[in-house]
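The structure file data_30.tsv is reproduced below (TSV, C-alpha atoms).
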```tsv
chain	number	residue	atom	x	y	z
U	23	MET	CA	-14.98	71.60	45.62
U	24	ASN	CA	-18.40	70.02	46.12
U	25	LYS	CA	-20.33	69.84	49.39
U	26	LEU	CA	-19.06	66.37	50.34
U	27	GLU	CA	-15.43	67.37	49.77
U	28	ARG	CA	-15.99	70.63	51.64
U	29	GLN	CA	-17.57	68.95	54.66
U	30	THR	CA	-14.82	66.33	54.70
U	31	GLN	CA	-12.27	69.14	54.96
U	32	ILE	CA	-14.29	70.81	57.73
U	33	ARG	CA	-14.38	67.52	59.69
U	34	LYS	CA	-10.63	67.13	59.27
U	35	LEU	CA	-9.91	70.69	60.41
U	36	LEU	CA	-12.19	70.32	63.43
U	37	LYS	CA	-10.52	67.07	64.50
U	38	GLU	CA	-7.12	68.74	64.21
U	39	ASN	CA	-7.98	72.11	65.76
U	40	ARG	CA	-11.16	71.41	67.82
U	41	GLN	CA	-12.61	74.75	66.65
U	42	VAL	CA	-13.15	76.67	63.39
U	43	ASP	CA	-14.28	80.20	62.55
U	44	VAL	CA	-16.69	80.85	59.67
U	45	SER	CA	-14.93	83.64	57.74
U	46	PRO	CA	-11.39	82.19	57.69
U	47	LEU	CA	-12.88	78.79	56.80
U	48	ALA	CA	-14.90	80.29	53.93
U	49	GLU	CA	-11.79	81.99	52.59
U	50	LEU	CA	-9.74	78.80	52.87
U	51	LEU	CA	-12.34	76.71	51.01
U	52	GLY	CA	-13.19	79.39	48.48
U	53	VAL	CA	-16.90	79.73	49.27
U	54	SER	CA	-19.18	82.25	50.96
U	55	ASP	CA	-19.77	82.60	54.69
U	56	ALA	CA	-23.38	81.55	54.07
U	57	THR	CA	-22.25	78.29	52.46
U	58	ILE	CA	-20.00	77.48	55.42
U	59	ARG	CA	-22.79	78.26	57.88
U	60	SER	CA	-25.03	75.85	55.96
U	61	ASP	CA	-22.33	73.14	56.12
U	62	LEU	CA	-21.88	73.67	59.85
U	63	GLU	CA	-25.62	73.45	60.38
U	64	GLU	CA	-25.75	70.07	58.61
U	65	LEU	CA	-22.78	68.74	60.59
U	66	GLU	CA	-24.39	69.95	63.81
U	67	LYS	CA	-27.57	67.99	63.01
U	68	ILE	CA	-25.61	64.72	62.93
U	69	GLY	CA	-23.88	65.58	66.21
U	70	PHE	CA	-20.39	66.19	64.83
U	71	LEU	CA	-20.05	69.77	66.08
U	72	VAL	CA	-21.64	72.50	68.16
U	73	ARG	CA	-22.13	75.90	66.57
U	74	PHE	CA	-21.51	79.22	68.26
U	75	HIS	CA	-21.63	82.79	66.94
U	76	GLY	CA	-19.06	83.03	64.17
U	77	GLY	CA	-17.85	79.45	64.27
U	78	ALA	CA	-18.14	75.92	65.62
U	79	ALA	CA	-16.41	73.49	67.98
U	80	LEU	CA	-15.98	69.73	67.82
U	81	ALA	CA	-18.77	68.02	69.76
U	82	GLU	CA	-17.69	66.59	73.12
U	83	ASN	CA	-18.55	63.02	72.14
U	84	GLU	CA	-16.54	63.35	68.89
U	85	GLU	CA	-13.58	64.75	70.79
U	86	LYS	CA	-13.55	61.76	73.14
U	87	THR	CA	-14.02	59.36	70.25
U	88	SER	CA	-11.22	60.95	68.25
U	89	GLU	CA	-8.86	60.64	71.19
U	90	GLY	CA	-9.81	56.98	71.56
U	91	PHE	CA	-9.17	56.26	67.90
U	92	THR	CA	-5.69	57.77	68.01
U	93	ALA	CA	-4.73	55.78	71.11
U	94	VAL	CA	-3.83	52.67	69.11
U	95	GLU	CA	-0.33	51.51	69.94
U	96	PRO	CA	1.97	52.37	67.00
U	97	SER	CA	3.19	49.35	65.03
U	98	ALA	CA	5.43	49.61	61.99
U	99	ASP	CA	4.70	45.94	61.17
U	100	LYS	CA	0.92	46.42	61.20
U	101	GLU	CA	1.26	49.70	59.31
U	102	ALA	CA	3.09	47.88	56.50
U	103	ILE	CA	0.51	45.07	56.50
U	104	GLY	CA	-2.30	47.62	56.31
U	105	GLN	CA	-0.75	49.35	53.33
U	106	LEU	CA	-0.18	46.07	51.49
U	107	ALA	CA	-3.71	44.87	52.25
U	108	SER	CA	-5.24	48.09	50.95
U	109	ARG	CA	-3.53	47.53	47.60
U	110	LEU	CA	-5.37	44.22	47.21
U	111	ILE	CA	-8.74	45.97	47.32
U	112	GLU	CA	-10.28	46.87	43.96
U	113	ASP	CA	-12.68	49.68	43.09
U	114	ARG	CA	-16.32	49.02	44.00
U	115	GLU	CA	-15.53	45.90	46.02
U	116	GLY	CA	-17.33	45.09	49.24
U	117	ILE	CA	-14.99	44.20	52.09
U	118	PHE	CA	-15.39	43.31	55.74
U	119	LEU	CA	-13.03	44.59	58.42
U	120	GLY	CA	-13.80	43.04	61.80
U	121	PRO	CA	-12.37	43.55	65.30
U	122	GLY	CA	-8.69	44.09	65.96
U	123	THR	CA	-5.98	46.69	65.46
U	124	THR	CA	-4.63	45.05	62.30
U	125	ASN	CA	-7.94	45.87	60.62
U	126	TYR	CA	-7.61	49.41	61.97
U	127	TYR	CA	-4.31	49.74	60.11
U	128	ILE	CA	-5.95	48.44	56.92
U	129	ALA	CA	-8.65	51.09	57.35
U	130	LYS	CA	-6.02	53.73	58.02
U	131	ALA	CA	-4.33	52.87	54.72
U	132	LEU	CA	-7.71	52.88	52.93
U	133	SER	CA	-8.44	56.37	54.25
U	134	ASN	CA	-5.78	57.67	51.85
U	135	ARG	CA	-7.22	55.80	48.89
U	136	GLN	CA	-7.38	57.57	45.54
U	137	GLY	CA	-9.70	56.73	42.65
U	138	GLY	CA	-12.92	54.74	42.80
U	139	TYR	CA	-14.88	54.00	45.94
U	140	VAL	CA	-15.05	50.79	47.96
U	141	ASN	CA	-17.74	49.54	50.35
U	142	VAL	CA	-16.50	48.74	53.84
U	143	VAL	CA	-18.66	46.79	56.29
U	144	THR	CA	-17.42	46.81	59.87
U	145	ASN	CA	-18.38	46.50	63.52
U	146	ASN	CA	-15.01	47.89	64.64
U	147	PHE	CA	-15.13	51.39	66.16
U	148	LEU	CA	-11.43	51.92	65.33
U	149	VAL	CA	-12.09	51.15	61.67
U	150	ALA	CA	-15.11	53.47	61.61
U	151	GLY	CA	-13.06	56.26	63.16
U	152	ALA	CA	-10.24	55.86	60.64
U	153	LEU	CA	-12.64	55.97	57.67
U	154	CYS	CA	-15.00	58.65	58.90
U	155	GLY	CA	-15.20	61.41	56.28
U	156	CYS	CA	-13.25	59.47	53.63
U	157	ASN	CA	-14.94	60.24	50.30
U	158	THR	CA	-13.63	57.09	48.54
U	159	VAL	CA	-15.14	54.72	51.11
U	160	ARG	CA	-18.81	53.95	51.66
U	161	LEU	CA	-18.91	52.91	55.29
U	162	HIS	CA	-21.53	50.48	56.60
U	163	PHE	CA	-21.40	50.13	60.39
U	164	LEU	CA	-23.10	47.17	62.07
U	165	GLY	CA	-24.81	47.96	65.34
U	166	GLY	CA	-25.50	45.76	68.35
U	167	THR	CA	-24.27	45.38	71.90
U	168	VAL	CA	-20.90	46.98	72.61
U	169	ALA	CA	-18.22	44.37	73.41
U	170	PRO	CA	-16.64	44.40	76.89
U	171	ASP	CA	-13.48	46.12	75.62
U	172	GLY	CA	-15.61	48.83	74.00
U	173	LEU	CA	-13.88	48.54	70.62
U	174	PHE	CA	-16.48	46.67	68.56
U	175	THR	CA	-20.12	45.69	68.49
U	176	ILE	CA	-21.78	42.30	68.83
U	177	PRO	CA	-24.68	42.31	66.32
U	178	ASP	CA	-27.86	40.52	67.38
U	179	SER	CA	-27.68	38.45	64.18
U	180	LEU	CA	-24.55	38.97	62.11
U	181	ALA	CA	-25.64	36.44	59.47
U	182	GLN	CA	-28.95	38.24	59.06
U	183	ASP	CA	-27.23	41.65	58.85
U	184	LEU	CA	-25.07	40.32	56.00
U	185	ASP	CA	-27.87	38.45	54.25
U	186	LYS	CA	-28.31	40.97	51.42
U	187	ILE	CA	-24.69	42.17	51.30
U	188	PHE	CA	-22.12	40.68	48.93
U	189	LEU	CA	-18.59	40.71	50.33
U	190	ASP	CA	-15.76	40.29	47.84
U	191	LYS	CA	-13.15	40.06	50.58
U	192	MET	CA	-12.93	39.77	54.34
U	193	PHE	CA	-9.80	40.45	56.37
U	194	PHE	CA	-9.22	38.90	59.78
U	195	SER	CA	-6.40	38.60	62.26
U	196	ILE	CA	-5.71	36.13	65.03
U	197	ASP	CA	-3.79	35.65	68.28
U	198	GLY	CA	-1.71	32.65	67.28
U	199	ILE	CA	-0.46	30.69	64.25
U	200	ASP	CA	0.75	27.14	64.74
U	201	PRO	CA	1.37	24.37	62.16
U	202	ALA	CA	-0.69	21.85	64.15
U	203	ALA	CA	-3.36	24.10	65.71
U	204	GLY	CA	-3.71	26.44	62.74
U	205	TYR	CA	-5.21	29.88	63.43
U	206	THR	CA	-6.31	30.43	67.03
U	207	LEU	CA	-7.99	33.12	69.12
U	208	SER	CA	-8.68	33.82	72.78
U	209	ASP	CA	-12.08	35.53	72.23
U	210	SER	CA	-15.07	33.29	71.44
U	211	ILE	CA	-17.15	36.27	70.25
U	212	VAL	CA	-14.57	37.24	67.64
U	213	GLN	CA	-14.14	33.59	66.69
U	214	ASP	CA	-17.86	33.29	65.95
U	215	GLN	CA	-17.85	36.53	63.94
U	216	ILE	CA	-14.90	35.43	61.79
U	217	LEU	CA	-16.52	32.08	61.01
U	218	THR	CA	-19.87	33.72	60.20
U	219	VAL	CA	-18.40	36.31	57.83
U	220	ALA	CA	-15.99	33.85	56.22
U	221	ALA	CA	-18.94	31.71	55.14
U	222	LYS	CA	-20.34	34.67	53.19
U	223	ALA	CA	-17.18	36.27	51.76
U	224	GLY	CA	-15.77	35.67	48.30
U	225	THR	CA	-12.13	35.64	49.46
U	226	VAL	CA	-10.95	35.20	53.04
U	227	ILE	CA	-7.66	36.94	53.85
U	228	MET	CA	-5.62	36.38	57.02
U	229	ALA	CA	-3.53	39.42	57.95
U	230	ALA	CA	-1.21	39.09	60.93
U	231	ASP	CA	2.25	40.29	61.90
U	232	ARG	CA	5.23	38.00	62.47
U	233	SER	CA	4.79	37.97	66.26
U	234	LYS	CA	1.75	35.68	65.89
U	235	PHE	CA	3.70	32.79	64.34
U	236	ASP	CA	4.68	29.79	66.45
U	237	SER	CA	2.16	30.62	69.15
U	238	ARG	CA	-1.15	29.06	70.09
U	239	SER	CA	-4.26	30.48	71.75
U	240	PHE	CA	-7.34	28.85	73.23
U	241	MET	CA	-9.85	28.47	70.36
U	242	ALA	CA	-9.35	27.37	66.78
U	243	ILE	CA	-10.54	29.25	63.72
U	244	GLY	CA	-9.26	26.67	61.27
U	245	GLY	CA	-6.13	25.16	59.80
U	246	LEU	CA	-3.53	27.02	57.75
U	247	ASP	CA	-5.69	26.33	54.69
U	248	PHE	CA	-8.64	28.27	56.19
U	249	ALA	CA	-7.72	31.42	54.24
U	250	PRO	CA	-6.52	31.18	50.62
U	251	VAL	CA	-4.62	34.48	51.00
U	252	VAL	CA	-2.18	35.50	53.76
U	253	ILE	CA	-0.57	38.88	54.42
U	254	THR	CA	2.34	39.06	56.85
U	255	ASN	CA	5.83	40.41	57.38
U	256	SER	CA	8.97	38.96	55.90
U	257	PRO	CA	10.92	36.90	56.53
U	258	LEU	CA	8.64	33.85	56.53
U	259	SER	CA	10.34	30.64	57.62
U	260	ASP	CA	10.83	27.84	55.10
U	261	SER	CA	8.59	25.54	57.15
U	262	TYR	CA	5.63	27.91	56.85
U	263	ARG	CA	6.39	28.64	53.21
U	264	ASN	CA	6.31	24.91	52.47
U	265	LEU	CA	3.05	24.44	54.36
U	266	TYR	CA	1.35	27.33	52.60
U	267	ASP	CA	2.63	26.08	49.23
U	268	ALA	CA	1.23	22.63	49.96
U	269	TYR	CA	-2.18	24.12	50.75
U	270	GLY	CA	-2.11	26.39	47.70
U	271	VAL	CA	-2.22	29.53	49.86
U	272	LYS	CA	-1.06	32.78	48.25
U	273	VAL	CA	1.30	34.64	50.61
U	274	HIS	CA	1.95	38.38	50.35
U	275	LEU	CA	4.97	39.64	52.31
U	276	THR	CA	5.64	43.25	53.26
```

Go ahead and render the structure in this file as structure tokens.
Amino acid sequence: MNKLERQTQIRKLLKENRQVDVSPLAELLGVSDATIRSDLEELEKIGFLVRFHGGAALAENEEKTSEGFTAVEPSADKEAIGQLASRLIEDREGIFLGPGTTNYYIAKALSNRQGGYVNVVTNNFLVAGALCGCNTVRLHFLGGTVAPDGLFTIPDSLAQDLDKIFLDKMFFSIDGIDPAAGYTLSDSIVQDQILTVAAKAGTVIMAADRSKFDSRSFMAIGGLDFAPVVITNSPLSDSYRNLYDAYGVKVHLT
């Protein structure tokens, strides 16, 4: 077990137990007490934990953050969408996961990824929390002003932040899907972010659960042809199937 794998395990144990002791941890990971103390010192420097004699405890800010990340309302539909979406991501690809809990579920599925690494760009705190410590994901978090709901950031210049980043895929979700109105949202900030990232991404993928169909929100993202790939739950009505077929949209059903 290398240092990265070891520290990933330490992070996981601290999030689960809030506290670890050096000697039992060294025995569990098959290394010396001195090696564990060195790992704890490094994790303390980045603010993940606080050391004490013989062990360490999860830092107060990490404890609060961890609780916030696990407070997402459970959704079997979004869980299935997240798992399906994660299977569409290839090794070494660059992907963007923006605001919303559907993207959190995609990140949650990615956190169990095996094999080669992927690059994930996000401004979603839920996504960052789900992928923290995952050794098959290289996480790039975009800073900026924290949004009113506290769940994502508003970069000063998203287009500039992405200027030298190539995104193979971006995933987005919406508040409503309607044959006439297309994809709609109630948040103008998220609307602007989706449109900005979509202009720079290789493939745009709409991921939304069945509850979003036949509803309309305040602001339009684009028509049903805005994204060439759609991920949603089955069953999909014949009317939507026909529309997507007419637009040449590839639909993946859970």

Using only C-alpha atoms, determine which residues lie at most 10 Å from Met23 of chain U, disregarding the query and same-chain residues fewer than 6 positions distant; provide the list as a VMD selection string. chain U and resid 29 51 to 53

Can you work out the spacing between atom CA of Leu110 of chain U and atom CA of Leu161 of chain U in Å, to one decimal? 18.0 Å

Can you pull out the residues contacting Asp197 of chain U? Cut-off 12 Å, using all atoms listed in the file, and skip same-chain residues under 5 positions away; I want them as a PyMOL selection string. chain U and resi 122-124+203-210+212-213+228-243

Computed interatomic separation between atom CA of Thr158 of chain U and atom CA of Asn141 of chain U (Å):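 Atom CA of Asn141 of chain U lies 8.8 Å from atom CA of Thr158 of chain U.
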
Could you tell me how far atom CA of Thr167 of chain U lies from atom CA of Leu36 of chain U, in Å and to one decimal?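 Answer for the atom CA of Thr167 of chain U to atom CA of Leu36 of chain U separation: 29.0 Å.
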